[in-house]
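Shown below: final-v8.csv, with CSV, C-alpha atoms.
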```csv
chain,number,residue,atom,x,y,z
A,571,MET,CA,138.6,51.8,-7.9
A,572,PRO,CA,137.1,52.3,-4.6
A,573,SER,CA,133.5,51.9,-5.8
A,574,LYS,CA,134.3,48.5,-7.4
A,575,GLN,CA,135.9,47.4,-4.2
A,576,ASN,CA,132.9,48.5,-2.2
A,577,ASP,CA,130.6,46.7,-4.6
A,578,ALA,CA,132.7,43.5,-4.2
A,579,VAL,CA,132.6,43.8,-0.5
A,580,ASP,CA,128.9,44.3,-0.5
A,581,ALA,CA,128.4,41.3,-2.9
A,582,ALA,CA,130.6,39.1,-0.7
A,583,GLY,CA,128.7,40.2,2.4
A,584,MET,CA,125.4,39.5,0.8
A,585,GLU,CA,126.6,36.0,-0.3
A,586,ILE,CA,127.7,35.3,3.3
A,587,LEU,CA,124.3,36.4,4.6
A,588,ARG,CA,122.6,34.1,2.0
A,589,ASP,CA,124.8,31.2,3.0
A,590,MET,CA,124.0,31.8,6.7
A,591,HIS,CA,120.3,31.9,5.8
A,592,ARG,CA,120.5,28.6,3.8
A,593,ALA,CA,122.4,27.0,6.6
A,594,GLU,CA,119.8,28.1,9.1
A,595,GLN,CA,117.0,26.7,7.0
A,596,ARG,CA,118.9,23.3,6.6
A,597,ALA,CA,119.6,23.1,10.3
A,598,PRO,CA,117.0,20.9,12.3
A,599,LYS,CA,114.5,23.0,14.1
A,600,PRO,CA,114.3,22.4,17.9
A,601,LYS,CA,111.1,20.6,18.8
A,602,LYS,CA,108.7,22.4,21.0
A,603,GLU,CA,108.2,20.8,24.4
A,604,ARG,CA,104.7,19.3,24.6
A,605,GLN,CA,102.8,20.6,27.5
A,606,PRO,CA,101.3,17.8,29.5
A,607,GLU,CA,97.5,17.7,29.3
A,608,SER,CA,95.8,18.8,32.5
A,609,LYS,CA,94.0,16.0,34.2
A,610,GLY,CA,91.9,18.3,36.3
A,611,PHE,CA,88.5,19.9,35.5
A,612,SER,CA,87.8,23.4,34.4
A,613,LYS,CA,86.2,25.9,36.7
A,614,GLN,CA,82.8,25.6,34.9
A,615,THR,CA,83.0,21.8,35.1
A,616,ASN,CA,83.6,22.0,38.9
A,617,ILE,CA,80.6,24.2,39.3
A,618,LEU,CA,78.4,21.8,37.4
A,619,ILE,CA,79.6,18.9,39.4
A,620,THR,CA,78.9,20.7,42.7
A,621,ILE,CA,75.4,21.6,41.6
A,622,GLY,CA,74.7,18.0,40.6
A,623,ALA,CA,76.0,16.7,43.9
A,624,VAL,CA,73.7,19.1,45.9
A,625,ALA,CA,70.7,18.1,43.7
A,626,LEU,CA,71.5,14.4,44.2
A,627,MET,CA,71.7,15.0,48.0
A,628,PHE,CA,68.2,16.6,48.0
A,629,ILE,CA,66.7,13.8,45.9
A,630,VAL,CA,68.1,11.2,48.3
A,631,ILE,CA,66.8,13.1,51.4
A,632,PHE,CA,63.4,13.6,49.7
A,633,SER,CA,63.2,10.0,48.7
A,634,ILE,CA,64.0,8.8,52.2
A,635,ARG,CA,61.2,11.0,53.6
A,636,ILE,CA,58.7,9.6,51.1
A,637,VAL,CA,59.7,6.0,51.9
A,638,ASN,CA,59.5,6.6,55.6
A,639,GLN,CA,56.1,8.3,55.5
A,640,PRO,CA,53.3,6.1,56.9
A,641,GLU,CA,50.7,4.9,54.4
A,642,VAL,CA,47.8,7.3,54.2
A,643,VAL,CA,44.5,5.5,54.6
A,644,THR,CA,40.9,6.6,55.0
A,645,PRO,CA,38.3,5.5,57.5
A,646,ASP,CA,36.6,3.5,54.7
A,647,GLU,CA,39.8,1.6,54.0
A,648,LEU,CA,40.2,1.0,57.8
A,649,HIS,CA,36.6,-0.3,58.0
A,650,ALA,CA,37.3,-2.7,55.1
A,651,LYS,CA,40.5,-4.0,56.8
A,652,ASN,CA,38.7,-4.2,60.1
A,653,LEU,CA,35.8,-6.3,58.7
A,654,ALA,CA,38.4,-8.6,57.1
A,655,GLY,CA,40.1,-9.1,60.5
A,656,LYS,CA,43.3,-7.4,59.3
A,657,LEU,CA,43.5,-4.6,62.0
A,658,ASP,CA,45.2,-4.7,65.4
A,659,PRO,CA,42.5,-4.8,68.1
A,660,GLU,CA,43.8,-1.5,69.4
A,661,GLN,CA,43.1,0.1,66.0
A,662,GLY,CA,39.8,-1.5,65.2
A,663,TYR,CA,37.2,-4.1,66.2
A,664,VAL,CA,33.7,-5.3,65.3
A,665,TYR,CA,30.9,-4.9,67.8
A,666,ARG,CA,27.4,-6.4,67.0
A,667,GLY,CA,28.2,-6.1,63.2
A,668,PHE,CA,29.4,-2.5,63.5
A,669,SER,CA,33.0,-1.7,62.6
A,670,PHE,CA,34.8,0.7,65.0
A,671,VAL,CA,38.1,2.0,63.9
A,672,TRP,CA,40.5,4.5,65.5
A,673,TYR,CA,41.3,7.4,63.1
A,674,ASP,CA,42.6,10.9,63.7
A,675,ASN,CA,42.2,10.5,67.5
A,676,LEU,CA,38.5,9.6,67.2
A,677,TRP,CA,36.4,6.4,66.9
A,678,PHE,CA,34.6,6.0,63.6
A,679,THR,CA,31.7,3.7,62.9
A,680,GLN,CA,29.0,3.6,60.2
A,681,MET,CA,25.3,3.1,60.2
A,682,HIS,CA,22.3,3.7,58.0
A,683,LYS,CA,20.1,6.6,59.0
A,684,PRO,CA,16.8,5.3,60.3
A,685,GLY,CA,14.3,5.0,57.6
A,686,THR,CA,16.8,5.6,54.7
A,687,ALA,CA,19.5,3.9,52.8
A,688,ASN,CA,22.0,6.7,53.6
A,689,LEU,CA,25.2,5.5,55.2
A,690,TYR,CA,26.7,7.9,57.7
A,691,ASN,CA,30.1,8.0,59.3
A,692,ILE,CA,29.8,8.6,63.0
A,693,GLN,CA,32.7,10.1,65.0
A,694,LEU,CA,32.9,9.7,68.7
A,695,HIS,CA,35.5,10.1,71.4
A,696,PHE,CA,34.6,6.7,72.9
A,697,SER,CA,33.7,3.3,71.5
A,698,PRO,CA,31.5,0.6,73.1
A,699,ARG,CA,34.3,-1.1,75.0
A,700,ASP,CA,34.9,2.2,76.7
A,701,LEU,CA,31.3,2.7,77.7
A,702,ARG,CA,30.2,-0.5,79.4
A,703,ASN,CA,30.2,0.9,82.9
A,704,VAL,CA,28.3,4.1,82.2
A,705,SER,CA,25.2,4.1,84.4
A,706,LEU,CA,21.9,4.3,82.5
A,707,GLY,CA,18.7,5.2,84.3
A,708,PRO,CA,15.2,3.8,83.4
A,709,GLU,CA,13.6,4.8,80.2
A,710,VAL,CA,16.4,6.9,78.8
A,711,GLU,CA,15.7,5.2,75.4
A,712,LEU,CA,12.5,7.2,75.1
A,713,PHE,CA,14.5,10.4,74.3
A,714,ALA,CA,15.4,9.0,70.9
A,715,ARG,CA,11.7,9.6,69.8
A,716,VAL,CA,11.6,13.4,70.4
A,717,PRO,CA,11.6,15.6,67.3
A,718,SER,CA,13.7,18.3,69.0
A,719,THR,CA,15.3,19.0,72.3
A,720,TYR,CA,17.0,21.8,74.2
A,721,ILE,CA,20.6,21.2,75.2
A,722,THR,CA,21.2,23.3,78.3
A,723,PHE,CA,24.0,23.9,80.8
A,724,ASP,CA,24.8,26.2,83.7
A,725,PRO,CA,27.3,28.8,82.5
A,726,LEU,CA,28.8,28.9,86.0
A,727,ASP,CA,29.4,25.2,86.1
A,728,GLU,CA,33.2,25.3,85.6
A,729,PRO,CA,35.1,24.0,83.8
A,730,LEU,CA,33.0,24.3,80.7
A,731,ALA,CA,35.4,22.9,78.1
A,732,HIS,CA,34.2,19.3,78.5
A,733,ILE,CA,30.5,20.4,78.7
A,734,ALA,CA,31.0,22.2,75.4
A,735,LEU,CA,32.6,19.2,73.9
A,736,ALA,CA,29.8,16.9,75.0
A,737,ALA,CA,27.2,19.4,73.7
A,738,GLY,CA,28.9,19.6,70.3
A,739,GLU,CA,29.1,15.8,70.0
A,740,LEU,CA,25.5,15.4,71.0
A,741,SER,CA,24.2,18.2,68.7
A,742,LEU,CA,26.0,16.9,65.6
A,743,ASN,CA,24.8,13.3,65.9
A,744,LEU,CA,21.3,14.2,67.0
A,745,ALA,CA,20.8,16.4,63.9
A,746,VAL,CA,22.6,14.4,61.3
A,747,VAL,CA,21.8,10.8,62.3
A,748,LEU,CA,18.7,10.8,64.5
A,749,ASN,CA,16.7,13.6,62.9
A,750,ILE,CA,16.4,15.4,66.3
A,751,THR,CA,16.8,19.1,66.2
A,752,PRO,CA,19.1,20.4,69.0
A,753,VAL,CA,18.4,23.9,70.4
A,754,PRO,CA,21.2,25.4,72.5
A,755,ALA,CA,20.2,27.0,75.8
A,756,CYS,CA,21.5,28.1,79.2
A,757,THR,CA,20.0,27.5,82.7
A,758,ARG,CA,20.6,31.1,83.7
A,759,ASN,CA,21.4,34.5,82.1
A,760,GLU,CA,24.8,35.1,83.5
A,761,THR,CA,27.2,35.5,80.6
A,762,ALA,CA,27.2,37.4,77.3
A,763,ALA,CA,26.8,34.2,75.3
A,764,CYS,CA,23.8,33.2,77.3
A,765,ARG,CA,22.0,36.5,76.7
A,766,LYS,CA,21.7,35.3,73.0
A,767,LEU,CA,20.2,31.9,74.0
A,768,ASP,CA,16.9,30.7,75.5
A,769,ILE,CA,17.0,30.3,79.2
A,770,ILE,CA,15.8,26.8,80.0
A,771,ASN,CA,16.2,24.7,83.1
A,772,CYS,CA,14.7,21.6,84.5
A,773,GLU,CA,13.3,23.3,87.6
A,774,SER,CA,11.0,25.6,85.8
A,775,ASP,CA,10.2,24.0,82.4
A,776,PHE,CA,8.1,20.8,82.6
A,777,THR,CA,6.9,20.8,78.9
A,778,HIS,CA,9.8,20.8,76.5
A,779,PRO,CA,12.3,17.9,76.1
A,780,ILE,CA,15.6,19.1,77.8
A,781,ILE,CA,19.1,17.6,77.9
A,782,TYR,CA,20.9,19.0,80.9
A,783,LEU,CA,24.7,18.7,80.8
A,784,HIS,CA,26.4,19.0,84.2
A,785,HIS,CA,29.2,17.7,86.3
A,786,SER,CA,28.9,14.7,88.6
A,787,PRO,CA,31.4,12.3,90.2
A,788,GLU,CA,30.5,9.5,87.9
A,789,ALA,CA,29.4,9.2,84.2
A,790,ASN,CA,25.6,8.6,84.1
A,791,VAL,CA,22.5,9.2,82.0
A,792,THR,CA,19.2,9.5,83.8
A,793,LEU,CA,15.7,10.7,82.9
A,794,ASP,CA,13.6,12.8,85.2
A,795,GLY,CA,10.3,13.7,83.6
A,796,ASN,CA,11.0,15.8,80.5
A,797,CYS,CA,14.6,16.3,81.6
A,798,LEU,CA,17.4,14.0,80.6
A,799,HIS,CA,20.5,14.4,82.7
A,800,ILE,CA,23.9,13.6,81.1
A,801,ALA,CA,26.6,14.0,83.7
A,802,GLY,CA,30.2,13.2,84.5
A,803,ASN,CA,33.5,14.7,85.6
A,804,ASN,CA,35.6,16.3,82.9
A,805,MET,CA,35.9,13.8,80.0
A,806,GLU,CA,33.4,11.5,81.8
A,807,ILE,CA,30.6,13.8,80.7
A,808,VAL,CA,31.7,13.2,77.0
A,809,ARG,CA,31.7,9.5,77.8
A,810,ALA,CA,28.2,9.7,79.1
A,811,ALA,CA,27.0,11.6,76.0
A,812,ASP,CA,28.6,9.0,73.7
A,813,ARG,CA,26.8,6.2,75.7
A,814,ALA,CA,23.5,7.9,75.2
A,815,LEU,CA,24.1,8.3,71.5
A,816,LEU,CA,25.0,4.7,70.9
A,817,LEU,CA,22.0,3.6,72.8
A,818,TRP,CA,19.6,5.8,70.8
A,819,MET,CA,21.3,4.7,67.5
A,820,GLY,CA,20.6,1.1,68.4
A,821,ILE,CA,24.3,0.3,68.2
A,822,MET,CA,24.9,-0.5,71.9
A,823,PRO,CA,21.8,-1.8,73.8
A,824,ARG,CA,21.3,-1.1,77.5
A,825,GLU,CA,23.0,-4.3,78.5
A,826,GLY,CA,26.2,-4.0,76.4
A,827,GLU,CA,27.5,-7.2,75.0
A,828,SER,CA,30.9,-8.5,76.0
A,829,ILE,CA,33.6,-7.2,73.7
```

Representation of the structure as structure tokens:
Amino acid sequence: MPSKQNDAVDAAGMEILRDMHRAEQRAPKPKKERQPESKGFSKQTNILITIGAVALMFIVIFSIRIVNQPEVVTPDELHAKNLAGKLDPEQGYVYRGFSFVWYDNLWFTQMHKPGTANLYNIQLHFSPRDLRNVSLGPEVELFARVPSTYITFDPLDEPLAHIALAAGELSLNLAVVLNITPVPACTRNETAACRKLDIINCESDFTHPIIYLHHSPEANVTLDGNCLHIAGNNMEIVRAADRALLLWMGIMPREGESI
């Protein structure tokens, strides 16, 4: 009965396997160890934090720059503060009712154009308190009445930088404020620039009004016939030009008031 024996063995073996399976199911399963949660940040989170920190740094720097920037004001705002007595004397003062304020390395004042209600901003390198000792010759006031004038210079009178600056300051204010037409000229035809201009000098022209700009040891303004001499050394020639302008505008009379 070998087959029956084999069947019995197989049945017994299967029963043993079933018993082992049931025992395995009844046995308590081992608990999986819980992995501790990471307290750090992911790579993406770290990148976002870095970007945020950099942005915050730029915001702080930009804000500091804005806070530290000086208040931007206009000449009109400075005039208002000056007339209210709220400016430092080095930055502005009032002279004979005219407000003078220091702005952008120039002195600004305002006046109405003669015969009109138009208010003009005048820009000069010097203000009345800088001009009290500029010498004025007799009758230089008469030049404010001419309709036009030549502004001439010697092209060989070096250096020319300050002469050119004085010529520019004169021309602008004569034309805009005083209704006097400036005509550029040279005393001699010695340079390429002078070949394009009229040649006018006080030695040969006794008819046309002429402003002759030239160097001299001291700042002065003198009238000789039809020729007005505005002279000085370096920036002193600009100072002489500004003194003549304030005289002609009626802002600073011949005998300048104490400031």

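From CA of Ala650 (chain A) back to CA of Ala745 (chain A), the distance works out to 26.7 Å.
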
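Separating CA of Gln680 (chain A) from CA of Ser718 (chain A) is a distance of 23.0 Å.
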
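Proximity ranking of A:Gly795, A:Met822, A:His785, A:Asp658 relative to Leu730 (chain A) places A:His785 first, based on only C-alpha atoms.
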
Practice item. Write out as a ChimeraX atom specification each polymer residue whose atoms come within 12 Å of Gly738 (chain A), counting all atoms listed in the file; drop sequence neighbours fewer than 3 positions from it. Key: /A:693-695,721-722,731-735,741-745,752-754,783,808,811-812

Revision key, fill the gap. From the list A:Pro729, A:Pro659, A:Pro698, A:Pro708, the nearest residue to Leu815 (chain A) using all atoms listed in the file is A:Pro698
